[in-house]
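> One structure coming up, written as structure tokens, with questions to follow.
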Protein chains: 2
Amino acid sequence: MSILVVGSVAFDDVTSPSGSVKNILAGAATYFSLAASYFTKVRVVGVVGEDFGPEQEKVFVGHGIDIRGIERAPGKTFRWGGTYTDNLNEAKTDFTHLNVFESFQPRIPKEYEDTDFLFLANIQPTLQADVRRKMSAVRLVGCDTMNYWIRGTPRDLAETLKLVDILLINDTEAKMLAHETNLPRAAQKVMAMGPKALVIKHGEYGATIFFREGAFGFGSHPFRAPALPIEEVKDPTGAGDSFAGGFMGYIASQNELTREVLKRALFYGGVMGSFAVERFGPERLRSLTREEIDARFQVFRELTHLE
Amino acid sequence: MSILVVGSVAFDDVTSPSGSVKNILAGAATYFSLAASYFTKVRVVGVVGEDFGPEQEKVFVGHGIDIRGIERAPGKTFRWGGTYTDNLNEAKTDFTHLNVFESFQPRIPKEYEDTDFLFLANIQPTLQADVRRKMSAVRLVGCDTMNYWIRGTPRDLAETLKLVDILLINDTEAKMLAHETNLPRAAQKVMAMGPKALVIKHGEYGATIFFREGAFGFGSHPFRAPALPIEEVKDPTGAGDSFAGGFMGYIASQNELTREVLKRALFYGGVMGSFAVERFGPERLRSLTREEIDARFQVFRELTHLE
């Protein structure tokens, strides 16, 4: 089945203890769509500037990703620069030039209207809600957000949360959103705002999926997937979007939405996140094979499986 | 088979967001021995003062724990007071009165000499090394330590680490000990100091066991066990010692030391830690049944198991 992602396409400058790169194709929609493309048919809605040319198009098209929804606007593409020091969990932002992204108004091409799944990457909550309402026929909606919106536009975000099925955020965001320091209690509070399930990402410790009581009819106890112990994280940028791409992409590749499918999706999320951080930018996500992905899925499985 | 634990017996005052208790029987050896007693025969070496009477003895003896190695010294038992605020991962120490523990010199009763397994709870590294040398015939030695010794007596600790098989510490301690912020790299460096395996505890995210290349002959890739998402942690004191008790106790209950045994031991460690924090002090550990423990083991298993 098909999945539509709405989010940023960007050029990044990244510095980490492992090195430095400039002007690499990045952005949430890029990481998400590349990761998801190994599982299902992906469509993208976003905006780029005049500096986005055939070289960049090829990255998407080479993975069978439909970019008819990427609008070309006069001006430059969104640019972000960040530096990671020893604490690879948090980047220091060197610059943010929103450029054409500043006035982004998502437009859904007619050809996208039959899309089965929707992922709202981290953009302004009112735009997320707008897209979600336009795509009212989808089977399942996944959503990301960040501290900036949780703090800055809580009412808009609350409206959006009523419209999504699965929210994917990290520990800090979940605690901030719920005004609650205990994680399982925070999870319950966040799900009371709308989402039927909540994926909380714990960075190098993996991720937990919580289910709202009675929401899917397959039990409400949580499930945890590990993360891979990685000796050299070159560039953590996009790990969360790649996680979301693996998670949502796997779900979209399945016929039924069972507890087992969501559990495996959580593992595939971790798998795609683990590949993303091995190289700078989305480089590693561009060169994978499904065999490599499934081999790593087995490594993840063995990491936590008792006989 | 039998296991000997050498460590502190104490009286604690604890305050947490869930309440407050005074003068409760605690200490690393208490938590460890109660947790391990559900799996195997436990012996304790420690020291107490004149305030340790029949009431306290009964706690151990009621669990079949051999306390002939707990020495009675003139004076008072070790006393500690701590307060947990919202961050339940770290206590603010209100007072530490070492009392009789200050001049603790572990003495191994003759009857303990045939003990099969040894756990060196968190005490001065030279005392740990001394006990370990005296118990040279044991099959396996587990060891704990803390920031205080890592910073304060690194040479003594290095000597001790050469003598132990499995070290159990948390993330912060592992990184500090290895002078390395990346966890799997830190693990390799710590194991190069002596231990054949290293258990790193991640608090609410579970624990990872790393194996030194070729050490046990069953592969060196790490294994992760989850922790249970708990809505109300009443008292985190002793969680690490209870983890160690479940981990080492399960190992001591098995005939062979296989990879599968160590994996299950890591799960049982998490299980016993999860019980410990449900009530103040070791209260919950005193009233368990093996059936409750195995039922929670299944909960842990389902938390990470794919079909």
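Identifiers for the structure tokens are assigned positionally: chains receive A, B, ... in sequence, residues are indexed from 1 per chain, and ligands are indexed from 1 in the order shown.
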With the cut-off set at 8 Å and counting only C-alpha atoms, tabulate each residue of chain A with an atom at most that distance from an atom of chain B, showing the nearest atom pair and its distance in Å to one decimal, ordered by chain and increasing number, as CSV.


residue,atom,partner,partner_atom,distance
A:Asp86,CA,B:Thr181,CA,7.0
A:Asn87,CA,B:Thr181,CA,7.8
A:Thr181,CA,B:Asp86,CA,6.9
A:Asn182,CA,B:Glu231,CA,6.6
A:Leu183,CA,B:Pro229,CA,7.4
A:Pro184,CA,B:Glu231,CA,5.6
A:Arg185,CA,B:Glu231,CA,5.7
A:His202,CA,B:Tyr205,CA,7.9
A:Tyr205,CA,B:Tyr205,CA,6.2
A:Pro222,CA,B:Leu303,CA,6.6
A:Phe223,CA,B:Leu303,CA,4.7
A:Arg224,CA,B:Thr304,CA,5.2
A:Ala225,CA,B:Thr304,CA,6.0
A:Pro226,CA,B:Arg224,CA,7.2
A:Pro229,CA,B:Pro184,CA,5.9
A:Ile230,CA,B:Pro184,CA,6.5
A:Glu231,CA,B:Pro184,CA,5.6
A:Glu232,CA,B:Asn182,CA,7.8
A:Glu260,CA,B:Leu306,CA,7.0
A:Lys263,CA,B:Leu306,CA,6.8
A:Arg264,CA,B:Leu306,CA,7.0
A:Arg301,CA,B:Leu306,CA,7.8
A:Glu302,CA,B:Phe223,CA,7.5
A:Leu303,CA,B:Phe223,CA,4.7
A:Thr304,CA,B:Arg224,CA,5.1
A:His305,CA,B:His305,CA,6.3
A:Leu306,CA,B:Lys263,CA,6.8
A:Glu307,CA,B:Glu260,CA,7.2

> So which residues of segment 35-243 of chain B fall under alpha helix (DSSP H) by DSSP, listed as a short mmCIF file (atom, residue, chain, number, x, y, z; two decimals) with all heavy atoms, in the first residue's frame?


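Writing the result to states24.cif gives the following:
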data_model
loop_
_atom_site.label_atom_id
_atom_site.label_comp_id
_atom_site.auth_asym_id
_atom_site.auth_seq_id
_atom_site.Cartn_x
_atom_site.Cartn_y
_atom_site.Cartn_z
N ALA B 35 16.73 -10.90 47.30
CA ALA B 35 16.41 -11.17 45.89
C ALA B 35 16.95 -12.52 45.46
O ALA B 35 16.26 -13.31 44.80
CB ALA B 35 16.97 -10.05 45.01
N ALA B 36 18.19 -12.84 45.84
CA ALA B 36 18.82 -14.10 45.41
C ALA B 36 18.20 -15.31 46.10
O ALA B 36 18.24 -16.42 45.56
CB ALA B 36 20.33 -14.05 45.67
N PRO B 54 16.93 -9.65 66.99
CA PRO B 54 16.18 -10.81 66.50
C PRO B 54 15.20 -10.44 65.38
O PRO B 54 14.99 -11.23 64.45
CB PRO B 54 15.42 -11.30 67.74
CG PRO B 54 16.19 -10.76 68.90
CD PRO B 54 16.80 -9.48 68.45
N GLU B 55 14.61 -9.25 65.48
CA GLU B 55 13.65 -8.81 64.45
C GLU B 55 14.32 -8.76 63.07
O GLU B 55 13.75 -9.18 62.06
CB GLU B 55 13.12 -7.43 64.83
CG GLU B 55 11.86 -7.02 64.10
CD GLU B 55 11.58 -5.52 64.27
OE1 GLU B 55 11.84 -4.97 65.36
OE2 GLU B 55 11.13 -4.91 63.28
N GLN B 56 15.54 -8.22 63.05
CA GLN B 56 16.27 -8.12 61.78
C GLN B 56 16.78 -9.50 61.32
O GLN B 56 16.71 -9.83 60.14
CB GLN B 56 17.45 -7.15 61.93
CG GLN B 56 17.05 -5.67 61.99
CD GLN B 56 16.47 -5.27 63.34
OE1 GLN B 56 16.90 -5.76 64.38
NE2 GLN B 56 15.47 -4.38 63.32
N GLU B 57 17.27 -10.25 62.30
CA GLU B 57 17.75 -11.61 61.97
C GLU B 57 16.67 -12.42 61.26
O GLU B 57 16.93 -13.14 60.30
CB GLU B 57 18.13 -12.36 63.25
CG GLU B 57 19.53 -12.08 63.71
CD GLU B 57 19.89 -12.88 64.95
OE1 GLU B 57 19.27 -13.96 65.17
OE2 GLU B 57 20.77 -12.43 65.69
N LYS B 58 15.46 -12.27 61.78
CA LYS B 58 14.33 -13.05 61.27
C LYS B 58 14.08 -12.78 59.77
O LYS B 58 13.65 -13.67 59.04
CB LYS B 58 13.06 -12.69 62.06
CG LYS B 58 12.29 -13.89 62.56
CD LYS B 58 11.11 -13.49 63.42
CE LYS B 58 9.98 -12.87 62.62
NZ LYS B 58 8.86 -12.43 63.50
N VAL B 59 14.35 -11.53 59.33
CA VAL B 59 14.15 -11.18 57.92
C VAL B 59 15.00 -12.09 57.04
O VAL B 59 14.55 -12.61 56.02
CB VAL B 59 14.49 -9.70 57.67
CG1 VAL B 59 14.45 -9.39 56.17
CG2 VAL B 59 13.53 -8.79 58.44
N PHE B 60 16.24 -12.29 57.46
CA PHE B 60 17.15 -13.14 56.68
C PHE B 60 16.81 -14.62 56.86
O PHE B 60 16.64 -15.35 55.88
CB PHE B 60 18.61 -12.90 57.11
CG PHE B 60 19.12 -11.53 56.79
CD1 PHE B 60 19.03 -10.49 57.71
CD2 PHE B 60 19.70 -11.27 55.55
CE1 PHE B 60 19.51 -9.21 57.41
CE2 PHE B 60 20.18 -10.00 55.24
CZ PHE B 60 20.08 -8.97 56.18
N VAL B 61 16.73 -15.01 58.12
CA VAL B 61 16.55 -16.43 58.43
C VAL B 61 15.23 -16.95 57.84
O VAL B 61 15.16 -18.08 57.34
CB VAL B 61 16.63 -16.66 59.96
CG1 VAL B 61 16.34 -18.12 60.29
CG2 VAL B 61 18.02 -16.26 60.46
N PRO B 125 37.34 -1.27 47.21
CA PRO B 125 37.91 -2.27 46.30
C PRO B 125 38.97 -3.18 46.93
O PRO B 125 39.03 -4.36 46.58
CB PRO B 125 38.53 -1.41 45.19
CG PRO B 125 37.78 -0.13 45.22
CD PRO B 125 37.38 0.09 46.64
N THR B 126 39.76 -2.66 47.87
CA THR B 126 40.79 -3.54 48.47
C THR B 126 40.14 -4.65 49.30
O THR B 126 40.64 -5.77 49.34
CB THR B 126 41.77 -2.75 49.38
OG1 THR B 126 41.00 -1.93 50.26
CG2 THR B 126 42.69 -1.88 48.54
N LEU B 127 39.01 -4.33 49.95
CA LEU B 127 38.29 -5.37 50.70
C LEU B 127 37.68 -6.39 49.73
O LEU B 127 37.70 -7.60 49.99
CB LEU B 127 37.19 -4.75 51.56
CG LEU B 127 37.61 -3.78 52.67
CD1 LEU B 127 36.40 -3.32 53.46
CD2 LEU B 127 38.65 -4.42 53.59
N GLN B 128 37.17 -5.89 48.61
CA GLN B 128 36.62 -6.80 47.60
C GLN B 128 37.70 -7.77 47.13
O GLN B 128 37.48 -8.99 47.04
CB GLN B 128 36.08 -6.01 46.40
CG GLN B 128 34.82 -5.19 46.70
CD GLN B 128 34.36 -4.39 45.49
OE1 GLN B 128 35.17 -3.78 44.77
NE2 GLN B 128 33.05 -4.37 45.25
N ALA B 129 38.89 -7.22 46.83
CA ALA B 129 39.99 -8.06 46.32
C ALA B 129 40.41 -9.09 47.36
O ALA B 129 40.68 -10.26 47.04
CB ALA B 129 41.17 -7.17 45.93
N ASP B 130 40.45 -8.64 48.61
CA ASP B 130 40.83 -9.51 49.71
C ASP B 130 39.88 -10.71 49.82
O ASP B 130 40.31 -11.88 49.90
CB ASP B 130 40.81 -8.65 50.99
CG ASP B 130 41.18 -9.45 52.22
OD1 ASP B 130 42.18 -10.18 52.14
OD2 ASP B 130 40.45 -9.35 53.23
N VAL B 131 38.59 -10.44 49.80
CA VAL B 131 37.59 -11.52 49.88
C VAL B 131 37.72 -12.45 48.68
O VAL B 131 37.69 -13.67 48.81
CB VAL B 131 36.16 -10.93 49.94
CG1 VAL B 131 35.13 -12.03 49.78
CG2 VAL B 131 35.95 -10.17 51.24
N ARG B 132 37.87 -11.84 47.52
CA ARG B 132 37.94 -12.65 46.30
C ARG B 132 39.14 -13.62 46.35
O ARG B 132 39.04 -14.78 45.94
CB ARG B 132 38.06 -11.71 45.09
CG ARG B 132 37.72 -12.37 43.76
CD ARG B 132 38.87 -13.12 43.17
NE ARG B 132 38.50 -13.86 41.99
CZ ARG B 132 38.29 -15.19 41.98
NH1 ARG B 132 38.36 -15.89 43.10
NH2 ARG B 132 38.00 -15.80 40.84
N ARG B 133 40.27 -13.15 46.88
CA ARG B 133 41.46 -14.00 46.98
C ARG B 133 41.24 -15.14 47.96
O ARG B 133 41.65 -16.27 47.73
CB ARG B 133 42.69 -13.17 47.36
CG ARG B 133 43.18 -12.29 46.21
CD ARG B 133 44.56 -11.69 46.49
NE ARG B 133 44.89 -10.73 45.42
CZ ARG B 133 44.79 -9.41 45.55
NH1 ARG B 133 44.37 -8.88 46.70
NH2 ARG B 133 45.09 -8.63 44.52
N LYS B 134 40.54 -14.82 49.05
CA LYS B 134 40.24 -15.87 50.04
C LYS B 134 39.29 -16.93 49.47
O LYS B 134 39.34 -18.09 49.86
CB LYS B 134 39.59 -15.25 51.29
CG LYS B 134 40.58 -14.54 52.20
CD LYS B 134 39.84 -13.92 53.39
CE LYS B 134 40.77 -13.05 54.24
NZ LYS B 134 40.01 -11.96 54.90
N ASN B 147 30.82 5.37 41.65
CA ASN B 147 31.59 6.56 41.31
C ASN B 147 32.66 6.90 42.34
O ASN B 147 33.77 7.31 42.00
CB ASN B 147 30.65 7.76 41.19
CG ASN B 147 29.70 7.61 40.02
OD1 ASN B 147 29.77 6.61 39.31
ND2 ASN B 147 28.84 8.59 39.82
N TYR B 148 32.29 6.77 43.63
CA TYR B 148 33.19 7.12 44.72
C TYR B 148 34.53 6.40 44.60
O TYR B 148 35.59 6.99 44.77
CB TYR B 148 32.50 6.77 46.04
CG TYR B 148 33.26 7.16 47.28
CD1 TYR B 148 33.25 8.48 47.74
CD2 TYR B 148 34.00 6.21 47.99
CE1 TYR B 148 33.94 8.83 48.88
CE2 TYR B 148 34.69 6.56 49.13
CZ TYR B 148 34.67 7.87 49.58
OH TYR B 148 35.36 8.21 50.71
N TRP B 149 34.51 5.11 44.28
CA TRP B 149 35.75 4.33 44.15
C TRP B 149 36.39 4.55 42.78
O TRP B 149 37.61 4.52 42.66
CB TRP B 149 35.48 2.83 44.36
CG TRP B 149 34.69 2.53 45.61
CD1 TRP B 149 33.44 2.00 45.68
CD2 TRP B 149 35.09 2.78 46.97
NE1 TRP B 149 33.02 1.89 46.98
CE2 TRP B 149 34.01 2.36 47.81
CE3 TRP B 149 36.23 3.32 47.57
CZ2 TRP B 149 34.06 2.47 49.19
CZ3 TRP B 149 36.27 3.41 48.96
CH2 TRP B 149 35.20 2.99 49.75
N ILE B 150 35.58 4.75 41.75
CA ILE B 150 36.12 4.96 40.40
C ILE B 150 36.96 6.23 40.38
O ILE B 150 38.05 6.27 39.82
CB ILE B 150 34.97 5.04 39.36
CG1 ILE B 150 34.22 3.70 39.30
CG2 ILE B 150 35.50 5.44 37.98
CD1 ILE B 150 32.94 3.73 38.47
N ARG B 151 36.44 7.26 41.05
CA ARG B 151 37.17 8.53 41.13
C ARG B 151 38.27 8.49 42.18
O ARG B 151 39.36 8.98 41.97
CB ARG B 151 36.21 9.65 41.55
CG ARG B 151 35.49 10.30 40.41
CD ARG B 151 35.26 11.79 40.71
NE ARG B 151 34.15 12.27 39.89
CZ ARG B 151 32.88 12.18 40.23
NH1 ARG B 151 32.53 11.66 41.40
NH2 ARG B 151 31.94 12.63 39.42
N GLY B 152 37.95 7.92 43.35
CA GLY B 152 38.81 8.08 44.53
C GLY B 152 39.95 7.08 44.62
O GLY B 152 41.05 7.42 45.06
N PRO B 154 41.16 4.64 41.96
CA PRO B 154 41.16 3.93 40.68
C PRO B 154 42.18 2.79 40.59
O PRO B 154 41.91 1.78 39.96
CB PRO B 154 41.49 5.04 39.66
CG PRO B 154 42.07 6.16 40.46
CD PRO B 154 41.48 6.07 41.83
N ARG B 155 43.32 2.95 41.26
CA ARG B 155 44.32 1.85 41.20
C ARG B 155 43.86 0.62 41.96
O ARG B 155 44.03 -0.50 41.50
CB ARG B 155 45.66 2.33 41.77
CG ARG B 155 46.38 3.17 40.73
CD ARG B 155 47.74 3.60 41.20
NE ARG B 155 48.12 4.79 40.45
CZ ARG B 155 49.19 5.51 40.69
NH1 ARG B 155 49.99 5.17 41.69
NH2 ARG B 155 49.47 6.55 39.95
N ASP B 156 43.30 0.84 43.14
CA ASP B 156 42.77 -0.29 43.91
C ASP B 156 41.67 -0.99 43.12
O ASP B 156 41.61 -2.21 43.05
CB ASP B 156 42.18 0.20 45.25
CG ASP B 156 43.26 0.73 46.18
OD1 ASP B 156 44.44 0.41 45.95
OD2 ASP B 156 42.91 1.47 47.12
N LEU B 157 40.81 -0.17 42.51
CA LEU B 157 39.71 -0.75 41.74
C LEU B 157 40.24 -1.56 40.56
O LEU B 157 39.75 -2.65 40.26
CB LEU B 157 38.77 0.37 41.26
CG LEU B 157 37.54 -0.09 40.48
CD1 LEU B 157 36.69 -1.06 41.28
CD2 LEU B 157 36.70 1.12 40.05
N ALA B 158 41.28 -1.05 39.90
CA ALA B 158 41.87 -1.76 38.75
C ALA B 158 42.38 -3.14 39.18
O ALA B 158 42.22 -4.12 38.45
CB ALA B 158 43.00 -0.93 38.14
N GLU B 159 42.96 -3.22 40.37
CA GLU B 159 43.44 -4.51 40.89
C GLU B 159 42.26 -5.47 41.10
O GLU B 159 42.34 -6.65 40.77
CB GLU B 159 44.19 -4.32 42.22
CG GLU B 159 45.60 -3.78 42.06
CD GLU B 159 46.42 -4.59 41.07
OE1 GLU B 159 46.52 -5.83 41.23
OE2 GLU B 159 46.93 -3.98 40.10
N THR B 160 41.18 -4.94 41.67
CA THR B 160 39.99 -5.76 41.92
C THR B 160 39.40 -6.27 40.62
O THR B 160 39.01 -7.44 40.50
CB THR B 160 38.94 -4.95 42.72
OG1 THR B 160 39.53 -4.53 43.94
CG2 THR B 160 37.70 -5.79 43.01
N LEU B 161 39.34 -5.38 39.63
CA LEU B 161 38.71 -5.75 38.35
C LEU B 161 39.42 -6.91 37.66
O LEU B 161 38.81 -7.66 36.91
CB LEU B 161 38.61 -4.54 37.42
CG LEU B 161 37.64 -3.44 37.87
CD1 LEU B 161 37.60 -2.30 36.86
CD2 LEU B 161 36.24 -4.01 38.10
N ASP B 171 25.29 3.12 33.48
CA ASP B 171 25.86 3.86 32.35
C ASP B 171 26.92 4.87 32.77
O ASP B 171 28.01 4.91 32.19
CB ASP B 171 24.76 4.65 31.62
CG ASP B 171 23.75 3.77 30.96
OD1 ASP B 171 22.94 3.15 31.68
OD2 ASP B 171 23.76 3.67 29.73
N THR B 172 26.55 5.70 33.75
CA THR B 172 27.46 6.77 34.18
C THR B 172 28.76 6.19 34.69
O THR B 172 29.85 6.68 34.39
CB THR B 172 26.78 7.60 35.30
OG1 THR B 172 25.45 7.91 34.88
CG2 THR B 172 27.54 8.88 35.56
N GLU B 173 28.65 5.13 35.49
CA GLU B 173 29.84 4.51 36.06
C GLU B 173 30.71 3.89 34.98
O GLU B 173 31.94 4.01 35.00
CB GLU B 173 29.43 3.44 37.09
CG GLU B 173 28.81 4.05 38.35
CD GLU B 173 27.93 3.11 39.15
OE1 GLU B 173 27.64 1.99 38.67
OE2 GLU B 173 27.50 3.50 40.25
N ALA B 174 30.08 3.25 33.99
CA ALA B 174 30.84 2.61 32.90
C ALA B 174 31.61 3.66 32.11
O ALA B 174 32.79 3.48 31.78
CB ALA B 174 29.90 1.84 31.98
N LYS B 175 30.94 4.78 31.80
CA LYS B 175 31.58 5.83 31.02
C LYS B 175 32.72 6.47 31.81
O LYS B 175 33.77 6.78 31.26
CB LYS B 175 30.55 6.88 30.62
CG LYS B 175 29.57 6.36 29.56
CD LYS B 175 28.46 7.35 29.27
CE LYS B 175 27.49 6.76 28.23
NZ LYS B 175 26.35 7.66 27.97
N MET B 176 32.51 6.66 33.11
CA MET B 176 33.54 7.26 33.96
C MET B 176 34.74 6.33 34.09
O MET B 176 35.89 6.76 34.01
CB MET B 176 32.93 7.54 35.34
CG MET B 176 33.83 8.31 36.26
SD MET B 176 33.06 8.50 37.90
CE MET B 176 31.81 9.73 37.52
N LEU B 177 34.47 5.05 34.27
CA LEU B 177 35.53 4.07 34.45
C LEU B 177 36.38 3.94 33.18
O LEU B 177 37.60 3.77 33.25
CB LEU B 177 34.89 2.71 34.82
CG LEU B 177 35.77 1.51 35.14
CD1 LEU B 177 36.77 1.84 36.25
CD2 LEU B 177 34.89 0.32 35.56
N ALA B 178 35.74 4.07 32.02
CA ALA B 178 36.45 3.88 30.75
C ALA B 178 36.97 5.20 30.18
O ALA B 178 37.71 5.19 29.18
CB ALA B 178 35.52 3.22 29.73
N LEU B 183 28.88 4.16 24.74
CA LEU B 183 28.67 3.02 25.65
C LEU B 183 29.32 1.71 25.19
O LEU B 183 30.03 1.07 25.98
CB LEU B 183 27.18 2.84 25.90
CG LEU B 183 26.83 2.19 27.24
CD1 LEU B 183 27.29 3.01 28.43
CD2 LEU B 183 25.34 1.94 27.32
N PRO B 184 29.09 1.27 23.94
CA PRO B 184 29.76 0.00 23.56
C PRO B 184 31.29 0.10 23.57
O PRO B 184 31.96 -0.87 23.92
CB PRO B 184 29.21 -0.30 22.16
CG PRO B 184 28.40 0.87 21.74
CD PRO B 184 28.09 1.70 22.94
N ARG B 185 31.83 1.27 23.23
CA ARG B 185 33.29 1.42 23.32
C ARG B 185 33.73 1.40 24.79
O ARG B 185 34.75 0.80 25.13
CB ARG B 185 33.75 2.72 22.65
CG ARG B 185 33.82 2.63 21.12
CD ARG B 185 34.84 3.63 20.53
NE ARG B 185 34.58 5.00 20.91
CZ ARG B 185 33.92 5.89 20.16
NH1 ARG B 185 33.46 5.54 18.97
NH2 ARG B 185 33.74 7.11 20.58
N ALA B 186 32.96 2.06 25.65
CA ALA B 186 33.26 2.04 27.09
C ALA B 186 33.26 0.60 27.60
O ALA B 186 34.13 0.19 28.37
CB ALA B 186 32.26 2.89 27.87
N ALA B 187 32.28 -0.18 27.15
CA ALA B 187 32.17 -1.58 27.58
C ALA B 187 33.44 -2.36 27.21
O ALA B 187 33.97 -3.12 28.03
CB ALA B 187 30.93 -2.24 26.96
N GLN B 188 33.92 -2.17 26.00
CA GLN B 188 35.14 -2.88 25.57
C GLN B 188 36.32 -2.50 26.46
O GLN B 188 37.12 -3.35 26.85
CB GLN B 188 35.47 -2.56 24.10
CG GLN B 188 34.43 -3.06 23.09
CD GLN B 188 34.05 -4.53 23.29
OE1 GLN B 188 34.90 -5.38 23.52
NE2 GLN B 188 32.75 -4.82 23.23
N LYS B 189 36.42 -1.21 26.77
CA LYS B 189 37.55 -0.75 27.59
C LYS B 189 37.46 -1.31 29.02
O LYS B 189 38.48 -1.68 29.60
CB LYS B 189 37.58 0.78 27.64
CG LYS B 189 38.04 1.39 26.32
CD LYS B 189 38.25 2.90 26.44
CE LYS B 189 38.66 3.48 25.09
NZ LYS B 189 38.80 4.95 25.15
N VAL B 190 36.26 -1.36 29.56
CA VAL B 190 36.11 -1.90 30.92
C VAL B 190 36.47 -3.39 30.95
O VAL B 190 37.17 -3.86 31.84
CB VAL B 190 34.67 -1.67 31.46
CG1 VAL B 190 34.45 -2.43 32.77
CG2 VAL B 190 34.41 -0.18 31.66
N MET B 191 36.02 -4.12 29.93
CA MET B 191 36.32 -5.56 29.90
C MET B 191 37.82 -5.81 29.71
O MET B 191 38.35 -6.80 30.19
CB MET B 191 35.47 -6.26 28.85
CG MET B 191 33.99 -6.30 29.27
SD MET B 191 32.96 -7.31 28.20
CE MET B 191 32.99 -6.35 26.68
N ALA B 192 38.49 -4.88 29.03
CA ALA B 192 39.95 -5.02 28.88
C ALA B 192 40.66 -4.90 30.23
O ALA B 192 41.80 -5.31 30.38
CB ALA B 192 40.48 -3.97 27.90
N ALA B 239 17.49 -0.97 44.14
CA ALA B 239 17.08 -1.57 42.86
C ALA B 239 18.27 -2.28 42.20
O ALA B 239 18.14 -3.39 41.70
CB ALA B 239 16.52 -0.50 41.92
N GLY B 240 19.43 -1.64 42.24
CA GLY B 240 20.63 -2.23 41.63
C GLY B 240 21.08 -3.49 42.35
O GLY B 240 21.50 -4.47 41.72
N ASP B 241 20.99 -3.49 43.67
CA ASP B 241 21.39 -4.68 44.44
C ASP B 241 20.39 -5.82 44.24
O ASP B 241 20.76 -6.98 44.20
CB ASP B 241 21.48 -4.33 45.92
CG ASP B 241 22.49 -3.21 46.16
OD1 ASP B 241 23.63 -3.34 45.70
OD2 ASP B 241 22.11 -2.20 46.78
N SER B 242 19.10 -5.46 44.12
CA SER B 242 18.08 -6.48 43.87
C SER B 242 18.26 -7.05 42.46
O SER B 242 18.09 -8.25 42.24
CB SER B 242 16.69 -5.86 43.99
OG SER B 242 16.56 -5.20 45.23
N PHE B 243 18.61 -6.17 41.51
CA PHE B 243 18.94 -6.63 40.16
C PHE B 243 20.08 -7.65 40.24
O PHE B 243 19.98 -8.75 39.69
CB PHE B 243 19.36 -5.43 39.30
CG PHE B 243 19.66 -5.78 37.87
CD1 PHE B 243 18.73 -5.49 36.87
CD2 PHE B 243 20.85 -6.40 37.50
CE1 PHE B 243 19.00 -5.82 35.54
CE2 PHE B 243 21.11 -6.73 36.19
CZ PHE B 243 20.18 -6.44 35.21
#

> I want to know what sits within 8 Å of Arg139 of chain B, based on only C-alpha atoms, with residues of the same chain fewer than 2 positions away left out; could you give that as a PDB file with N, CA and C atoms, in the first residue's frame?


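New file part.pdb:
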ATOM      1  N   ASP B 116      29.857 -21.736  46.082  1.00  0.00           N
ATOM      2  CA  ASP B 116      30.127 -21.883  44.644  1.00  0.00           C
ATOM      3  C   ASP B 116      30.279 -20.560  43.902  1.00  0.00           C
ATOM      4  N   PHE B 117      29.506 -19.559  44.320  1.00  0.00           N
ATOM      5  CA  PHE B 117      29.507 -18.265  43.619  1.00  0.00           C
ATOM      6  C   PHE B 117      29.741 -17.140  44.619  1.00  0.00           C
ATOM      7  N   ALA B 137      38.294 -20.601  45.182  1.00  0.00           N
ATOM      8  CA  ALA B 137      37.746 -21.795  44.531  1.00  0.00           C
ATOM      9  C   ALA B 137      36.372 -21.572  43.895  1.00  0.00           C
ATOM     10  N   VAL B 141      32.696 -14.937  39.864  1.00  0.00           N
ATOM     11  CA  VAL B 141      32.658 -13.783  40.763  1.00  0.00           C
ATOM     12  C   VAL B 141      31.959 -12.605  40.101  1.00  0.00           C
TER      13      VAL B 141
END

> Between B:Asp144, B:Glu71, B:Asp12, B:Asp114, which is the closest to Asp94 of chain B once you count only C-alpha atoms?

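Of all the options, B:Asp12 lies closest to Asp94 of chain B.
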
> Just how far from atom CA of Ala252 of chain A is atom CA of Met1 of chain A, in Å to one decimal?

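Going from atom CA of Met1 of chain A over to atom CA of Ala252 of chain A covers 5.6 Å.
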
> Would you pick out the contacts of Asp235 of chain B at 9 Å or less, using only C-alpha atoms, so that residues sharing its chain but fewer than 4 positions from it are not included, and give the list as a ChimeraX atom specification?

/B:14-19,84,88,239,276-281

> When you look at Met146 of chain A with a cut-off of 9 Å (counting only C-alpha atoms), what residues show up, excluding the ones that are within fewer than 6 positions of it in the same chain? I need them as a list in words.

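The filter keeps Asn122, Ile123, Ile169, Asn170 and Glu173 of chain A.
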
> List every residue of segment 69-296 of chain B that DSSP, applied to the backbone of this structure, places in strand (DSSP E), and write the result as a PyMOL selection string.

chain B and resi 69-72+78-83+92-97+117-120+140-144+166-170+197-201+207-211+223-225

> Taking 2 positions as the minimum chain separation for residues in the same chain, which residues sit within 8 Å of Arg286 of chain B when counting only C-alpha atoms? Answer as JSON, numbers by chain.

{"B": [34, 59, 63, 282, 283, 284, 288]}

> Compile the contact shell of Phe32 of chain A as a PyMOL selection string: residues with an atom at most 10 Å away, counting only C-alpha atoms, same-chain residues fewer than 3 positions apart removed.

chain A and resi 5-7+26-29+35-37+42+44+119+121+238-249+272+282+285

> If I take atom CA of Arg290 of chain B and atom CA of Tyr38 of chain B, how far is one from the other in Å, to one decimal?

6.3 Å

> Between B:Arg79, B:Gly69, B:Ala295, B:Phe275, single out the one closest to Ile108 of chain B, counting only C-alpha atoms.

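Nearest candidate to Ile108 of chain B out of B:Arg79, B:Gly69, B:Ala295, B:Phe275: B:Gly69.
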